[in-house]
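Chemist: One structure, as structure tokens, below. Some questions next.
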Amino acid sequence: MDLDSFEGLLVAAAMQDQPQRLLLAFAASEAEPGPTAAAPRQTLVPVMCVAKQVGELDTFANLEAEAGKMGVHWDVVLVSTLGGAGGLLPDSGRTDAALEKMIGYIQAGEMARFAAFGRGGAVLRYA
């Protein structure tokens, strides 16, 4: 699915047959260790994550404001969904396991698996 906004992601998640949890991983951009160059490579380091029900979010601006209250610097939020079954949301065990797996993918540099948004809600694309 090609998304053009965070709000579009929310609409798509709300339209699924089963209820969805949004998995959000906030990451900071840091220079990779090694020899310094004119333009050092950057890597994303997860700094916090949370799972939300689709109805708990309405705009990127509100998500950004809520995240700002945590006092943790971040540059990118990566988003995935976790579908429920039988009309029920995924339980906390499945949700926690999915968040841990998501963090592992980010640490391995596999960001193309996720929808990604920069500060202000700009859609980011990773190859």
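Note on naming: chains are A, B, ... as they come in the structure tokens, residues start from 1 per chain, ligands start from 1 in the order shown.
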Check the DSSP output for the backbone and give back, as an mmCIF file with N, CA and C atoms, in the first residue's frame, the residues of chain A in helix (DSSP H, G or I).

Modeler:
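The result, written out as part.cif:
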data_model
loop_
_atom_site.group_PDB
_atom_site.id
_atom_site.type_symbol
_atom_site.label_atom_id
_atom_site.label_comp_id
_atom_site.auth_asym_id
_atom_site.auth_seq_id
_atom_site.Cartn_x
_atom_site.Cartn_y
_atom_site.Cartn_z
ATOM 1 N N PHE A 6 0.244 10.204 7.346
ATOM 2 C CA PHE A 6 -0.028 9.451 8.563
ATOM 3 C C PHE A 6 -1.530 9.233 8.716
ATOM 4 N N GLU A 7 -2.296 10.263 8.399
ATOM 5 C CA GLU A 7 -3.741 10.158 8.502
ATOM 6 C C GLU A 7 -4.277 9.103 7.537
ATOM 7 N N GLY A 8 -3.654 8.972 6.350
ATOM 8 C CA GLY A 8 -4.028 7.924 5.403
ATOM 9 C C GLY A 8 -3.771 6.536 5.974
ATOM 10 N N LEU A 9 -2.680 6.387 6.719
ATOM 11 C CA LEU A 9 -2.386 5.130 7.397
ATOM 12 C C LEU A 9 -3.477 4.815 8.414
ATOM 13 N N LEU A 10 -3.896 5.820 9.170
ATOM 14 C CA LEU A 10 -4.953 5.605 10.163
ATOM 15 C C LEU A 10 -6.251 5.145 9.501
ATOM 16 N N VAL A 11 -6.603 5.773 8.385
ATOM 17 C CA VAL A 11 -7.825 5.395 7.660
ATOM 18 C C VAL A 11 -7.711 3.957 7.164
ATOM 19 N N ALA A 12 -6.558 3.608 6.563
ATOM 20 C CA ALA A 12 -6.362 2.253 6.049
ATOM 21 C C ALA A 12 -6.457 1.220 7.172
ATOM 22 N N ALA A 13 -5.871 1.511 8.326
ATOM 23 C CA ALA A 13 -5.925 0.581 9.461
ATOM 24 C C ALA A 13 -7.354 0.435 9.978
ATOM 25 N N ALA A 14 -8.097 1.529 10.012
ATOM 26 C CA ALA A 14 -9.475 1.493 10.507
ATOM 27 C C ALA A 14 -10.395 0.711 9.577
ATOM 28 N N VAL A 54 -6.155 2.176 16.922
ATOM 29 C CA VAL A 54 -6.353 3.140 15.843
ATOM 30 C C VAL A 54 -7.135 4.354 16.333
ATOM 31 N N GLY A 55 -8.173 4.156 17.121
ATOM 32 C CA GLY A 55 -9.012 5.255 17.603
ATOM 33 C C GLY A 55 -8.330 6.178 18.591
ATOM 34 N N GLU A 56 -7.155 5.793 19.091
ATOM 35 C CA GLU A 56 -6.430 6.644 20.038
ATOM 36 C C GLU A 56 -5.631 7.741 19.347
ATOM 37 N N PHE A 60 -1.017 13.360 12.929
ATOM 38 C CA PHE A 60 0.401 13.263 13.244
ATOM 39 C C PHE A 60 0.797 14.344 14.238
ATOM 40 N N ALA A 61 0.211 15.522 14.099
ATOM 41 C CA ALA A 61 0.541 16.626 15.007
ATOM 42 C C ALA A 61 0.246 16.236 16.455
ATOM 43 N N ASN A 62 -0.861 15.545 16.690
ATOM 44 C CA ASN A 62 -1.194 15.125 18.053
ATOM 45 C C ASN A 62 -0.254 14.025 18.539
ATOM 46 N N LEU A 63 0.132 13.108 17.649
ATOM 47 C CA LEU A 63 1.106 12.082 18.018
ATOM 48 C C LEU A 63 2.436 12.732 18.384
ATOM 49 N N GLU A 64 2.858 13.686 17.577
ATOM 50 C CA GLU A 64 4.120 14.380 17.817
ATOM 51 C C GLU A 64 4.081 15.124 19.154
ATOM 52 N N ALA A 65 2.955 15.754 19.457
ATOM 53 C CA ALA A 65 2.819 16.472 20.732
ATOM 54 C C ALA A 65 2.871 15.507 21.908
ATOM 55 N N GLU A 66 2.195 14.367 21.778
ATOM 56 C CA GLU A 66 2.204 13.367 22.847
ATOM 57 C C GLU A 66 3.615 12.815 23.051
ATOM 58 N N ALA A 67 4.314 12.526 21.956
ATOM 59 C CA ALA A 67 5.678 12.010 22.047
ATOM 60 C C ALA A 67 6.608 13.056 22.664
ATOM 61 N N GLY A 68 6.361 14.314 22.368
ATOM 62 C CA GLY A 68 7.186 15.389 22.914
ATOM 63 C C GLY A 68 7.142 15.468 24.429
ATOM 64 N N SER A 92 -1.720 -8.324 24.954
ATOM 65 C CA SER A 92 -0.473 -7.628 25.282
ATOM 66 C C SER A 92 0.761 -8.492 24.994
ATOM 67 N N GLY A 93 0.667 -9.808 25.152
ATOM 68 C CA GLY A 93 1.804 -10.676 24.869
ATOM 69 C C GLY A 93 2.185 -10.639 23.396
ATOM 70 N N ARG A 94 1.192 -10.746 22.518
ATOM 71 C CA ARG A 94 1.453 -10.670 21.070
ATOM 72 C C ARG A 94 1.966 -9.291 20.691
ATOM 73 N N THR A 95 1.386 -8.262 21.316
ATOM 74 C CA THR A 95 1.782 -6.892 21.012
ATOM 75 C C THR A 95 3.222 -6.636 21.427
ATOM 76 N N ASP A 96 3.579 -7.040 22.639
ATOM 77 C CA ASP A 96 4.958 -6.848 23.110
ATOM 78 C C ASP A 96 5.955 -7.602 22.241
ATOM 79 N N ALA A 97 5.608 -8.831 21.854
ATOM 80 C CA ALA A 97 6.498 -9.617 21.001
ATOM 81 C C ALA A 97 6.674 -8.942 19.640
ATOM 82 N N ALA A 98 5.595 -8.392 19.092
ATOM 83 C CA ALA A 98 5.675 -7.707 17.795
ATOM 84 C C ALA A 98 6.525 -6.440 17.894
ATOM 85 N N LEU A 99 6.399 -5.698 19.000
ATOM 86 C CA LEU A 99 7.224 -4.501 19.187
ATOM 87 C C LEU A 99 8.706 -4.877 19.286
ATOM 88 N N GLU A 100 9.004 -5.948 20.013
ATOM 89 C CA GLU A 100 10.396 -6.390 20.137
ATOM 90 C C GLU A 100 10.956 -6.804 18.778
ATOM 91 N N LYS A 101 10.151 -7.500 17.992
ATOM 92 C CA LYS A 101 10.584 -7.906 16.650
ATOM 93 C C LYS A 101 10.817 -6.677 15.775
ATOM 94 N N MET A 102 9.942 -5.700 15.892
ATOM 95 C CA MET A 102 10.072 -4.466 15.125
ATOM 96 C C MET A 102 11.387 -3.762 15.468
ATOM 97 N N ILE A 103 11.690 -3.660 16.746
ATOM 98 C CA ILE A 103 12.942 -3.030 17.192
ATOM 99 C C ILE A 103 14.135 -3.780 16.604
ATOM 100 N N GLY A 104 14.068 -5.099 16.587
ATOM 101 C CA GLY A 104 15.144 -5.900 16.000
ATOM 102 C C GLY A 104 15.341 -5.598 14.520
ATOM 103 N N TYR A 105 14.234 -5.458 13.782
ATOM 104 C CA TYR A 105 14.337 -5.117 12.363
ATOM 105 C C TYR A 105 14.986 -3.740 12.182
ATOM 106 N N ILE A 106 14.611 -2.796 13.012
ATOM 107 C CA ILE A 106 15.193 -1.451 12.903
ATOM 108 C C ILE A 106 16.687 -1.507 13.197
ATOM 109 N N GLN A 107 17.065 -2.223 14.234
ATOM 110 C CA GLN A 107 18.478 -2.344 14.582
ATOM 111 C C GLN A 107 19.274 -3.038 13.480
ATOM 112 N N MET A 111 14.368 -0.959 7.555
ATOM 113 C CA MET A 111 13.283 0.015 7.702
ATOM 114 C C MET A 111 12.244 -0.046 6.589
ATOM 115 N N ALA A 112 12.573 -0.653 5.447
ATOM 116 C CA ALA A 112 11.626 -0.699 4.325
ATOM 117 C C ALA A 112 10.364 -1.482 4.677
ATOM 118 N N ARG A 113 10.388 -2.236 5.756
ATOM 119 C CA ARG A 113 9.221 -3.012 6.205
ATOM 120 C C ARG A 113 8.112 -2.125 6.778
ATOM 121 N N ARG A 119 9.807 14.241 11.368
ATOM 122 C CA ARG A 119 9.198 15.325 12.145
ATOM 123 C C ARG A 119 8.262 16.109 11.243
ATOM 124 N N GLY A 120 7.130 16.473 11.752
ATOM 125 C CA GLY A 120 6.157 17.212 10.965
ATOM 126 C C GLY A 120 5.267 16.325 10.115
ATOM 127 N N GLY A 121 5.545 15.025 10.087
ATOM 128 C CA GLY A 121 4.688 14.086 9.370
ATOM 129 C C GLY A 121 5.087 13.782 7.946
#

Chemist: Extract, using only C-alpha atoms, all DNA, RNA and protein residues at most 7 Å from Leu23 of chain A, discarding same-chain residues fewer than 6 positions from it, and format them as a PyMOL selection string.

Modeler: chain A and resi 50-52+79-81+99

Chemist: Which residues are near Leu88 of chain A? Cut-off 10 Å, only C-alpha atoms, ignore same chain within fewer than 3 positions. Put them as a CSV table (one decimal) with N, CA and C atoms, in the first residue's frame.

Modeler:
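Result written to around32.csv:
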chain,number,residue,atom,x,y,z
A,18,GLN,N,-10.4,-6.8,10.7
A,18,GLN,CA,-10.1,-7.1,12.1
A,18,GLN,C,-9.5,-5.8,12.8
A,19,PRO,N,-9.8,-5.6,14.1
A,19,PRO,CA,-9.2,-4.4,14.7
A,19,PRO,C,-7.7,-4.5,14.7
A,20,GLN,N,-7.1,-3.3,14.6
A,20,GLN,CA,-5.6,-3.2,14.5
A,20,GLN,C,-5.0,-2.5,15.6
A,83,GLY,N,-2.7,-7.0,13.4
A,83,GLY,CA,-4.2,-7.3,13.4
A,83,GLY,C,-4.6,-8.3,14.4
A,84,GLY,N,-5.9,-8.0,14.9
A,84,GLY,CA,-6.5,-8.9,15.9
A,84,GLY,C,-7.2,-10.1,15.2
A,85,ALA,N,-8.0,-10.8,15.9
A,85,ALA,CA,-8.7,-11.9,15.4
A,85,ALA,C,-10.1,-12.0,16.1
A,91,ASP,N,-3.6,-9.4,22.0
A,91,ASP,CA,-3.4,-9.3,23.5
A,91,ASP,C,-2.0,-8.6,23.7

Chemist: For the strand (DSSP E) assignment from backbone DSSP, which residues of chain A qualify? Please present them as number ranges by chain.

Modeler: A: 20-31, 42-53, 76-83, 115-118, 123-124

Chemist: Keeping C-alpha atoms for every residue in the selection just given, could you write it to a file as a compact mmCIF listing (two decimals), in the first residue's frame?

Modeler:
# COMPACT_ATOMS: atom_id res chain seq x y z
CA GLN A 20 -5.61 -3.22 14.48
CA ARG A 21 -2.97 -2.10 16.93
CA LEU A 22 -0.54 0.47 15.59
CA LEU A 23 3.04 -0.30 16.55
CA LEU A 24 5.10 2.89 16.72
CA ALA A 25 8.87 2.94 17.13
CA PHE A 26 10.52 6.33 17.55
CA ALA A 27 14.15 6.48 16.45
CA ALA A 28 16.96 9.00 16.55
CA SER A 29 19.40 9.42 13.68
CA GLU A 30 23.01 8.95 14.77
CA ALA A 31 26.30 8.89 12.89
CA GLN A 42 23.59 7.74 9.56
CA THR A 43 21.81 4.94 11.37
CA LEU A 44 18.49 4.89 13.18
CA VAL A 45 18.57 3.99 16.85
CA PRO A 46 15.23 3.13 18.52
CA VAL A 47 14.63 5.36 21.55
CA MET A 48 11.04 4.50 22.52
CA CYS A 49 8.10 2.47 21.29
CA VAL A 50 4.39 2.20 21.97
CA ALA A 51 1.32 0.36 20.74
CA LYS A 52 -1.90 2.31 20.18
CA GLN A 53 -5.39 1.45 19.10
CA VAL A 76 11.71 9.33 12.71
CA VAL A 77 8.68 7.29 13.73
CA LEU A 78 8.35 3.89 12.07
CA VAL A 79 4.88 2.35 12.03
CA SER A 80 3.47 -1.11 11.55
CA THR A 81 0.15 -2.71 12.36
CA LEU A 82 -0.79 -5.87 14.21
CA GLY A 83 -4.17 -7.33 13.35
CA ALA A 115 5.72 3.17 7.10
CA ALA A 116 8.05 5.97 8.15
CA PHE A 117 7.42 9.59 9.02
CA GLY A 118 9.82 12.39 9.86
CA VAL A 123 6.48 10.51 4.56
CA LEU A 124 9.92 8.89 4.34

Chemist: Go ahead and compute the interatomic distance for atom CA of Leu57 of chain A and atom CA of Ser5 of chain A, in Å to one decimal.

Modeler: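 Atom CA of Ser5 of chain A lies at a distance of 13.4 Å from atom CA of Leu57 of chain A.
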
Chemist: Go ahead and compute the interatomic distance for atom CA of Tyr126 of chain A and atom CA of Ala108 of chain A, in Å to one decimal.

Modeler: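 Distance between the two atoms: 13.2 Å.
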